[in-house]
>>> print(open('work_0.cif').read())   # mmCIF, C-alpha atoms
data_final
loop_
_atom_site.group_PDB
_atom_site.id
_atom_site.type_symbol
_atom_site.label_atom_id
_atom_site.label_comp_id
_atom_site.auth_asym_id
_atom_site.auth_seq_id
_atom_site.Cartn_x
_atom_site.Cartn_y
_atom_site.Cartn_z
ATOM 1 C CA MET A 1 -4.493 1.476 -10.083
ATOM 2 C CA LEU A 2 -4.510 -1.425 -12.449
ATOM 3 C CA ALA A 3 -2.275 -1.284 -15.460
ATOM 4 C CA GLU A 4 -4.207 -0.737 -18.644
ATOM 5 C CA GLY A 5 -5.570 -3.804 -20.279
ATOM 6 C CA VAL A 6 -4.907 -5.960 -17.271
ATOM 7 C CA ARG A 7 -7.839 -7.953 -16.079
ATOM 8 C CA PRO A 8 -7.435 -8.932 -12.454
ATOM 9 C CA ARG A 9 -7.951 -12.596 -11.670
ATOM 10 C CA PHE A 10 -9.196 -12.902 -8.165
ATOM 11 C CA ASP A 11 -10.116 -16.190 -6.622
ATOM 12 C CA SER A 12 -12.054 -14.890 -3.681
ATOM 13 C CA ASP A 13 -13.342 -11.793 -1.964
ATOM 14 C CA GLU A 14 -10.608 -12.046 0.640
ATOM 15 C CA GLU A 15 -7.922 -11.601 -1.997
ATOM 16 C CA ILE A 16 -9.742 -8.590 -3.475
ATOM 17 C CA LEU A 17 -9.893 -7.010 -0.042
ATOM 18 C CA ARG A 18 -6.230 -7.698 0.662
ATOM 19 C CA ALA A 19 -5.286 -5.964 -2.572
ATOM 20 C CA ALA A 20 -7.606 -3.052 -1.723
ATOM 21 C CA GLN A 21 -6.034 -2.674 1.709
ATOM 22 C CA TYR A 22 -2.531 -2.601 0.208
ATOM 23 C CA ARG A 23 -3.690 -0.013 -2.340
ATOM 24 C CA LEU A 24 -5.311 2.086 0.367
ATOM 25 C CA LEU A 25 -2.110 2.205 2.423
ATOM 26 C CA SER A 26 -0.083 2.870 -0.706
ATOM 27 C CA ARG A 27 -2.252 5.811 -1.726
ATOM 28 C CA PHE A 28 -1.964 7.507 1.644
ATOM 29 C CA LEU A 29 1.804 7.117 1.666
ATOM 30 C CA ALA A 30 2.510 7.952 -1.973
ATOM 31 C CA ALA A 31 1.100 11.464 -1.969
ATOM 32 C CA PRO A 32 -1.181 13.704 0.083
ATOM 33 C CA PRO A 33 -4.766 12.455 -0.162
ATOM 34 C CA ASP A 34 -6.848 14.389 -2.686
ATOM 35 C CA GLN A 35 -10.554 15.065 -2.237
ATOM 36 C CA ALA A 36 -11.427 11.924 -4.173
ATOM 37 C CA LEU A 37 -9.537 9.716 -1.737
ATOM 38 C CA LEU A 38 -10.853 11.591 1.308
ATOM 39 C CA SER A 39 -14.396 11.146 0.008
ATOM 40 C CA VAL A 40 -13.961 7.423 -0.485
ATOM 41 C CA VAL A 41 -12.483 7.005 2.975
ATOM 42 C CA ALA A 42 -15.184 9.207 4.509
ATOM 43 C CA GLY A 43 -17.587 6.389 3.640
ATOM 44 C CA PHE A 44 -15.805 3.907 5.918
ATOM 45 C CA GLU A 45 -18.093 2.974 8.758
ATOM 46 C CA GLY A 46 -15.998 0.292 10.317
ATOM 47 C CA ASP A 47 -17.158 -2.513 12.575
ATOM 48 C CA GLU A 48 -16.354 -4.119 15.918
ATOM 49 C CA THR A 49 -12.970 -5.623 15.034
ATOM 50 C CA PRO A 50 -9.765 -3.683 15.777
ATOM 51 C CA LEU A 51 -9.100 -3.007 12.092
ATOM 52 C CA GLY A 52 -12.749 -2.134 11.502
ATOM 53 C CA ARG A 53 -12.792 0.328 14.404
ATOM 54 C CA THR A 54 -9.598 1.931 13.098
ATOM 55 C CA LEU A 55 -11.014 2.345 9.613
ATOM 56 C CA GLY A 56 -14.144 3.836 11.171
ATOM 57 C CA THR A 57 -11.962 6.401 12.957
ATOM 58 C CA LEU A 58 -10.151 7.135 9.699
ATOM 59 C CA GLY A 59 -13.532 7.685 8.048
ATOM 60 C CA ARG A 60 -14.647 10.140 10.726
ATOM 61 C CA LEU A 61 -11.416 12.134 10.423
ATOM 62 C CA ALA A 62 -11.599 12.123 6.627
ATOM 63 C CA ARG A 63 -15.058 13.672 6.767
ATOM 64 C CA ARG A 64 -13.695 16.624 8.741
ATOM 65 C CA MET A 65 -10.444 17.209 6.919
ATOM 66 C CA THR A 66 -9.763 19.293 3.819
ATOM 67 C CA PRO A 67 -7.162 18.262 1.228
ATOM 68 C CA ALA A 68 -5.084 21.317 2.234
ATOM 69 C CA GLU A 69 -4.986 20.236 5.879
ATOM 70 C CA ALA A 70 -4.140 16.694 4.859
ATOM 71 C CA ALA A 71 -1.373 18.007 2.593
ATOM 72 C CA ASP A 72 0.134 19.981 5.494
ATOM 73 C CA GLU A 73 0.170 16.843 7.577
ATOM 74 C CA TYR A 74 1.718 14.808 4.772
ATOM 75 C CA PHE A 75 4.381 17.473 4.319
ATOM 76 C CA ASN A 76 5.364 17.416 7.985
ATOM 77 C CA LEU A 77 5.397 13.640 8.149
ATOM 78 C CA PHE A 78 7.229 12.741 4.958
ATOM 79 C CA ILE A 79 8.815 15.803 3.346
ATOM 80 C CA GLY A 80 9.550 18.396 6.008
ATOM 81 C CA VAL A 81 11.967 21.248 6.002
ATOM 82 C CA GLY A 82 15.209 19.384 5.571
ATOM 83 C CA ARG A 83 13.540 16.059 6.183
ATOM 84 C CA GLY A 84 10.186 14.767 7.330
ATOM 85 C CA GLU A 85 9.438 13.115 10.618
ATOM 86 C CA LEU A 86 9.602 9.680 9.028
ATOM 87 C CA LEU A 87 11.689 8.123 6.274
ATOM 88 C CA PRO A 88 9.469 5.386 4.832
ATOM 89 C CA TYR A 89 12.226 3.381 3.138
ATOM 90 C CA ALA A 90 13.165 -0.249 3.811
ATOM 91 C CA SER A 91 16.878 0.532 3.588
ATOM 92 C CA TYR A 92 16.593 3.265 6.176
ATOM 93 C CA TYR A 93 14.579 1.128 8.573
ATOM 94 C CA LEU A 94 16.802 -1.916 8.259
ATOM 95 C CA THR A 95 20.259 -0.334 8.013
ATOM 96 C CA GLY A 96 19.909 3.295 9.094
ATOM 97 C CA PHE A 97 20.901 4.475 5.613
ATOM 98 C CA LEU A 98 19.178 4.974 2.270
ATOM 99 C CA HIS A 99 20.171 3.042 -0.869
ATOM 100 C CA GLU A 100 21.493 0.036 1.014
ATOM 101 C CA LYS A 101 21.252 -3.705 0.476
ATOM 102 C CA PRO A 102 17.482 -3.949 1.102
ATOM 103 C CA LEU A 103 16.999 -1.709 -1.955
ATOM 104 C CA ALA A 104 19.367 -3.836 -4.032
ATOM 105 C CA ARG A 105 17.505 -6.994 -2.997
ATOM 106 C CA LEU A 106 14.164 -5.400 -3.888
ATOM 107 C CA ARG A 107 15.446 -4.300 -7.311
ATOM 108 C CA ARG A 108 16.650 -7.815 -8.003
ATOM 109 C CA ASP A 109 13.202 -9.227 -7.191
ATOM 110 C CA MET A 110 11.436 -6.519 -9.177
ATOM 111 C CA ALA A 111 13.476 -7.465 -12.241
ATOM 112 C CA ARG A 112 12.594 -11.106 -11.727
ATOM 113 C CA LEU A 113 8.875 -10.288 -11.355
ATOM 114 C CA GLY A 114 8.775 -7.891 -14.317
ATOM 115 C CA ILE A 115 8.203 -4.718 -12.292
ATOM 116 C CA VAL A 116 9.910 -1.389 -12.955
ATOM 117 C CA ARG A 117 9.720 2.024 -11.355
ATOM 118 C CA ALA A 118 7.342 4.392 -13.158
ATOM 119 C CA ASP A 119 9.115 6.995 -15.306
ATOM 120 C CA HIS A 120 8.157 10.043 -13.260
ATOM 121 C CA VAL A 121 9.314 8.610 -9.940
ATOM 122 C CA LYS A 122 12.756 9.631 -8.713
ATOM 123 C CA GLU A 123 12.675 8.156 -5.232
ATOM 124 C CA PRO A 124 14.193 4.753 -4.533
ATOM 125 C CA GLU A 125 11.860 1.814 -5.010
ATOM 126 C CA ASP A 126 11.962 0.668 -1.399
ATOM 127 C CA HIS A 127 9.451 3.348 -0.345
ATOM 128 C CA MET A 128 6.627 1.706 1.643
ATOM 129 C CA ALA A 129 4.047 3.051 -0.823
ATOM 130 C CA ALA A 130 5.841 1.410 -3.735
ATOM 131 C CA ILE A 131 6.298 -1.941 -1.994
ATOM 132 C CA CYS A 132 2.605 -2.029 -0.997
ATOM 133 C CA GLU A 133 1.693 -1.232 -4.583
ATOM 134 C CA MET A 134 3.888 -4.082 -5.781
ATOM 135 C CA LEU A 135 2.241 -6.628 -3.497
ATOM 136 C CA ALA A 136 -1.215 -5.405 -4.537
ATOM 137 C CA GLY A 137 -0.159 -5.849 -8.154
ATOM 138 C CA LEU A 138 1.114 -9.360 -7.472
ATOM 139 C CA ILE A 139 -2.256 -10.301 -5.935
ATOM 140 C CA GLU A 140 -4.189 -8.724 -8.806
ATOM 141 C CA GLY A 141 -1.983 -9.862 -11.640
ATOM 142 C CA ALA A 142 -1.147 -6.285 -12.630
ATOM 143 C CA PHE A 143 2.373 -7.262 -13.673
ATOM 144 C CA GLY A 144 1.470 -10.362 -15.618
ATOM 145 C CA GLU A 145 -0.150 -13.457 -14.239
ATOM 146 C CA ALA A 146 -1.414 -13.168 -10.685
ATOM 147 C CA ALA A 147 1.230 -14.441 -8.302
ATOM 148 C CA ASP A 148 0.478 -17.570 -6.315
ATOM 149 C CA LEU A 149 0.427 -17.360 -2.550
ATOM 150 C CA ALA A 150 3.938 -18.777 -2.163
ATOM 151 C CA THR A 151 5.355 -16.022 -4.405
ATOM 152 C CA GLN A 152 3.412 -13.386 -2.491
ATOM 153 C CA GLN A 153 4.670 -14.769 0.790
ATOM 154 C CA ARG A 154 8.309 -14.759 -0.327
ATOM 155 C CA PHE A 155 7.961 -11.131 -1.392
ATOM 156 C CA PHE A 156 6.205 -10.263 1.869
ATOM 157 C CA ASP A 157 8.815 -12.037 4.009
ATOM 158 C CA ASP A 158 11.735 -10.469 2.166
ATOM 159 C CA HIS A 159 10.548 -6.891 1.741
ATOM 160 C CA LEU A 160 7.743 -6.085 4.176
ATOM 161 C CA ALA A 161 7.792 -8.340 7.231
ATOM 162 C CA PRO A 162 11.184 -7.087 8.506
ATOM 163 C CA TRP A 163 10.015 -3.494 8.938
ATOM 164 C CA ALA A 164 6.350 -2.876 8.039
ATOM 165 C CA GLU A 165 4.856 -3.210 11.522
ATOM 166 C CA ARG A 166 7.626 -1.036 12.992
ATOM 167 C CA PHE A 167 7.120 1.638 10.348
ATOM 168 C CA PHE A 168 3.343 1.771 10.793
ATOM 169 C CA ALA A 169 3.719 1.867 14.576
ATOM 170 C CA ASP A 170 6.023 4.867 14.107
ATOM 171 C CA LEU A 171 3.455 6.516 11.855
ATOM 172 C CA GLU A 172 0.743 5.839 14.427
ATOM 173 C CA ALA A 173 2.803 7.602 17.098
ATOM 174 C CA ALA A 174 4.244 10.409 14.956
ATOM 175 C CA ARG A 175 3.942 13.884 16.437
ATOM 176 C CA SER A 176 2.378 15.355 13.267
ATOM 177 C CA ALA A 177 -0.062 12.506 12.717
ATOM 178 C CA VAL A 178 -3.793 13.201 13.018
ATOM 179 C CA LEU A 179 -5.414 11.744 9.911
ATOM 180 C CA TYR A 180 -2.340 9.552 9.556
ATOM 181 C CA ALA A 181 -2.562 8.129 13.080
ATOM 182 C CA PRO A 182 -5.349 5.689 12.113
ATOM 183 C CA VAL A 183 -3.549 5.055 8.810
ATOM 184 C CA GLY A 184 -0.610 3.916 10.932
ATOM 185 C CA THR A 185 -2.824 1.807 13.179
ATOM 186 C CA ALA A 186 -4.571 0.251 10.184
ATOM 187 C CA GLY A 187 -1.222 -0.566 8.590
ATOM 188 C CA ARG A 188 0.148 -2.112 11.770
ATOM 189 C CA LEU A 189 -2.984 -4.230 12.280
ATOM 190 C CA PHE A 190 -3.172 -5.218 8.631
ATOM 191 C CA PHE A 191 0.433 -6.399 8.515
ATOM 192 C CA GLU A 192 -0.142 -8.387 11.680
ATOM 193 C CA ILE A 193 -3.129 -10.005 9.953
ATOM 194 C CA GLU A 194 -1.119 -10.688 6.813
ATOM 195 C CA ARG A 195 1.749 -12.222 8.769
ATOM 196 C CA THR A 196 -0.662 -14.507 10.636
ATOM 197 C CA ALA A 197 -2.591 -15.419 7.478
ATOM 198 C CA PHE A 198 0.574 -16.322 5.548
ATOM 199 C CA GLY A 199 1.521 -18.522 8.484
ATOM 200 C CA MET A 200 -1.771 -20.419 8.076
ATOM 201 C CA ALA A 201 -1.117 -21.031 4.392
ATOM 202 C CA GLU A 202 1.992 -23.105 5.079
ATOM 203 C CA MET B 1 3.104 -19.030 -12.161
ATOM 204 C CA ARG B 2 0.018 -20.986 -11.456
ATOM 205 C CA ARG B 3 -2.495 -20.164 -8.825
ATOM 206 C CA ASP B 4 -3.036 -22.834 -6.270
ATOM 207 C CA GLU B 5 -5.838 -21.331 -4.289
ATOM 208 C CA ASP B 6 -7.755 -24.560 -4.279
ATOM 209 C CA LYS B 7 -5.124 -26.146 -2.100
ATOM 210 C CA LYS B 8 -5.176 -23.311 0.365
ATOM 211 C CA PRO B 9 -6.528 -24.223 3.767
ATOM 212 C CA ALA B 10 -9.968 -22.828 4.469
ATOM 213 C CA GLY B 11 -8.580 -21.517 7.755
ATOM 214 C CA ARG B 12 -6.701 -18.707 6.078
ATOM 215 C CA ARG B 13 -9.770 -17.368 4.285
ATOM 216 C CA ASP B 14 -11.928 -17.636 7.365
ATOM 217 C CA PHE B 15 -9.274 -15.851 9.335
ATOM 218 C CA LEU B 16 -9.048 -13.050 6.781
ATOM 219 C CA ARG B 17 -12.813 -12.740 6.681
ATOM 220 C CA LEU B 18 -13.050 -12.454 10.450
ATOM 221 C CA ALA B 19 -10.173 -9.994 10.552
ATOM 222 C CA SER B 20 -12.532 -7.458 9.077
ATOM 223 C CA LEU B 21 -10.879 -6.674 5.821
ATOM 224 C CA GLY B 22 -14.539 -6.220 4.867
ATOM 225 C CA ALA B 23 -14.398 -2.686 6.184
ATOM 226 C CA VAL B 24 -12.797 -1.638 2.905
ATOM 227 C CA SER B 25 -15.226 -3.576 0.755
ATOM 228 C CA GLY B 26 -17.278 -1.637 -1.731
ATOM 229 C CA THR B 27 -14.483 0.853 -2.109
ATOM 230 C CA VAL B 28 -12.217 -1.379 -4.111
ATOM 231 C CA ALA B 29 -13.022 0.186 -7.468
ATOM 232 C CA ALA B 30 -12.669 3.694 -6.122
ATOM 233 C CA ILE B 31 -9.314 2.953 -4.586
ATOM 234 C CA ALA B 32 -7.995 0.872 -7.419
ATOM 235 C CA GLY B 33 -9.061 3.321 -10.098
ATOM 236 C CA GLY B 34 -8.456 6.445 -8.134
ATOM 237 C CA ALA B 35 -5.308 7.931 -9.596
ATOM 238 C CA PRO B 36 -5.309 11.647 -8.881
ATOM 239 C CA SER B 37 -6.394 13.959 -11.660
ATOM 240 C CA GLU B 38 -3.755 16.126 -13.285
ATOM 241 C CA SER B 39 -4.756 19.275 -11.470
ATOM 242 C CA GLN B 40 -4.904 17.516 -8.153
ATOM 243 C CA ALA B 41 -1.538 15.953 -8.794
ATOM 244 C CA ALA B 42 -0.081 19.339 -9.708
ATOM 245 C CA GLU B 43 -1.546 20.836 -6.576
ATOM 246 C CA ALA B 44 -0.099 18.106 -4.457
ATOM 247 C CA ASP B 45 3.206 18.456 -6.240
ATOM 248 C CA GLN B 46 3.716 21.958 -4.982
ATOM 249 C CA ARG B 47 3.886 20.540 -1.509
ATOM 250 C CA ALA B 48 5.268 17.137 -1.979
ATOM 251 C CA LYS B 49 8.387 16.488 -3.897
ATOM 252 C CA GLY B 50 7.670 12.871 -3.174
ATOM 253 C CA TYR B 51 5.573 10.682 -5.393
ATOM 254 C CA ARG B 52 3.448 12.718 -7.723
ATOM 255 C CA GLU B 53 1.100 9.979 -8.669
ATOM 256 C CA THR B 54 -0.135 6.877 -7.061
ATOM 257 C CA LEU B 55 1.314 4.607 -9.634
ATOM 258 C CA HIS B 56 5.033 4.305 -8.948
ATOM 259 C CA VAL B 57 5.637 0.983 -10.457
ATOM 260 C CA LYS B 58 4.515 -0.582 -13.650
ATOM 261 C CA LYS B 59 4.767 -3.710 -15.630
ATOM 262 C CA PHE B 60 8.048 -4.078 -17.419
ATOM 263 C CA TYR B 61 7.441 -3.180 -21.050
ATOM 264 C CA GLU B 62 6.914 -6.201 -23.221
ATOM 265 C CA LEU B 63 9.379 -4.797 -25.719
ATOM 266 C CA ALA B 64 12.145 -4.759 -23.189
ATOM 267 C CA ARG B 65 11.928 -8.497 -22.938
ATOM 268 C CA PHE B 66 13.071 -9.010 -26.533
#
>>> encode(input="work_0.cif", output="structure tokens")
Amino acid sequence: MLAEGVRPRFDSDEEILRAAQYRLLSRFLAAPPDQALLSVVAGFEGDETPLGRTLGTLGRLARRMTPAEAADEYFNLFIGVGRGELLPYASYYLTGFLHEKPLARLRRDMARLGIVRADHVKEPEDHMAAICEMLAGLIEGAFGEAADLATQQRFFDDHLAPWAERFFADLEAARSAVLYAPVGTAGRLFFEIERTAFGMAE
Amino acid sequence: MRRDEDKKPAGRRDFLRLASLGAVSGTVAAIAGGAPSESQAAEADQRAKGYRETLHVKKFYELARF
């Protein structure tokens, strides 16, 4: 969601779609999908590319799934009794523990970029949903002026590249994942695309 | 920060276009503006003690810069 009063400044359709893809992943990871999100995703038809086929699969599953079923799946994946199947935090993926240096590094960059955690959020900022939301905001200019590609790439290299593909591959293969299996595939493919595309910008 | 899109190689855009990000096109507004309603958020909250809303981060308040 765009911050109020912020007008996004996109230069091209590709940048709009990148931001949308980050927001899509963020929404699925931040909270169980509500009917509104399921309905939007149910419209995905996909195409012949790997990412397109995956989004088509996600669309088909979204058409069949109720918010209650999706919430059960979300609970098993990310909340659990005790803990969920996955811990979607950079610190955990990179060090095996929460609240470690990757979180400190992210907080330092957030301060520099003028980003703060929303008031109601208690979880550490290095949750995958939050980091995806930050990069979407940098593309859109939700935190001030839209970030140039070099700034985006630094943020991507520092906070996403080291663990994003591994996390989404884990989500893809998670025991509880049905609706979330294609979310995992889409994330893995998208981050591969982003990594390659940033490489072309150099 | 200044945008320097003009200097960006065309290759990157072509690559992104071919990579089928287009599959999410047309849904941008719905996704971007789709924060859950209060009742939906409350419903979700009973299950998830995780993020209650989609928006977890925000722009640093202007005031705090003074």
>>> atom_distance(input="work_0.cif", atom1="atom CA of A:Leu51", atom2="atom CA of A:Leu135")
19.6 Å
>>> resolve_selection(input="work_0.cif", expression="the PyMOL selection byres ((chain A and resi 88) around 12)", output="NGL selection string")
(:A and (26 or 29-30 or 77-79 or 83-87 or 89-94 or 96-98 or 123-132 or 160 or 163-171 or 184)) or (:B and (50))
>>> atom_distance(input="work_0.cif", atom1="atom CA of A:Phe198", atom2="atom CA of B:Arg12")
7.7 Å
>>> closest_residue(input="work_0.cif", among="A:Tyr74, A:Phe155, A:Phe191, A:Tyr180", to="A:Ala62", atoms="all atoms listed in the file")
A:Tyr180
>>> resolve_selection(input="work_0.cif", expression="the PyMOL selection byres ((chain A and resi 112) around 12)", output="MDAnalysis selection string")
(chainID A and resid 105:111 113:116 143:144 151 155) or (chainID B and resid 59:60 65)
>>> write_last_selection(input="work_0.cif", atoms="C-alpha atoms", output="tab-separated table (two decimals), in the coordinates of the input")
chain	number	residue	atom	x	y	z
A	105	ARG	CA	17.50	-6.99	-3.00
A	106	LEU	CA	14.16	-5.40	-3.89
A	107	ARG	CA	15.45	-4.30	-7.31
A	108	ARG	CA	16.65	-7.82	-8.00
A	109	ASP	CA	13.20	-9.23	-7.19
A	110	MET	CA	11.44	-6.52	-9.18
A	111	ALA	CA	13.48	-7.46	-12.24
A	113	LEU	CA	8.88	-10.29	-11.36
A	114	GLY	CA	8.78	-7.89	-14.32
A	115	ILE	CA	8.20	-4.72	-12.29
A	116	VAL	CA	9.91	-1.39	-12.96
A	143	PHE	CA	2.37	-7.26	-13.67
A	144	GLY	CA	1.47	-10.36	-15.62
A	151	THR	CA	5.36	-16.02	-4.40
A	155	PHE	CA	7.96	-11.13	-1.39
B	59	LYS	CA	4.77	-3.71	-15.63
B	60	PHE	CA	8.05	-4.08	-17.42
B	65	ARG	CA	11.93	-8.50	-22.94
>>> closest_residue(input="work_0.cif", among="A:Phe156, A:Phe75, A:Tyr22, A:Phe190", to="A:Thr49", atoms="only C-alpha atoms")
A:Phe190
>>> atom_distance(input="work_0.cif", atom1="atom CA of A:Thr185", atom2="atom CA of A:Ala142")
27.1 Å
>>> closest_residue(input="work_0.cif", among="A:Leu55, A:Ala42, A:Ala161, A:Ala174", to="chain B", atoms="all atoms listed in the file")
A:Leu55
>>> residues_around(input="work_0.cif", residues="B:Arg13", least_positions_apart="2", cutoff="10 Å", atoms="only C-alpha atoms", output="number ranges by chain")
A: 12-15, 197, 200-201; B: 8-11, 15-19
>>> write_last_selection(input="work_0.cif", atoms="C-alpha atoms", output="CSV table (one decimal), keeping the file's coordinate frame")
chain,number,residue,atom,x,y,z
A,12,SER,CA,-12.1,-14.9,-3.7
A,13,ASP,CA,-13.3,-11.8,-2.0
A,14,GLU,CA,-10.6,-12.0,0.6
A,15,GLU,CA,-7.9,-11.6,-2.0
A,197,ALA,CA,-2.6,-15.4,7.5
A,200,MET,CA,-1.8,-20.4,8.1
A,201,ALA,CA,-1.1,-21.0,4.4
B,8,LYS,CA,-5.2,-23.3,0.4
B,9,PRO,CA,-6.5,-24.2,3.8
B,10,ALA,CA,-10.0,-22.8,4.5
B,11,GLY,CA,-8.6,-21.5,7.8
B,15,PHE,CA,-9.3,-15.9,9.3
B,16,LEU,CA,-9.0,-13.0,6.8
B,17,ARG,CA,-12.8,-12.7,6.7
B,18,LEU,CA,-13.0,-12.5,10.4
B,19,ALA,CA,-10.2,-10.0,10.6
>>> closest_residue(input="work_0.cif", among="A:Leu138, A:Ile193, A:Leu179, A:Ile16", to="A:Ala71", atoms="all atoms listed in the file")
A:Leu179
>>> residues_around(input="work_0.cif", residues="A:Arg63", least_positions_apart="6", cutoff="9 Å", atoms="all atoms listed in the file", output="MDAnalysis selection string")
chainID A and resid 38:39 41:43
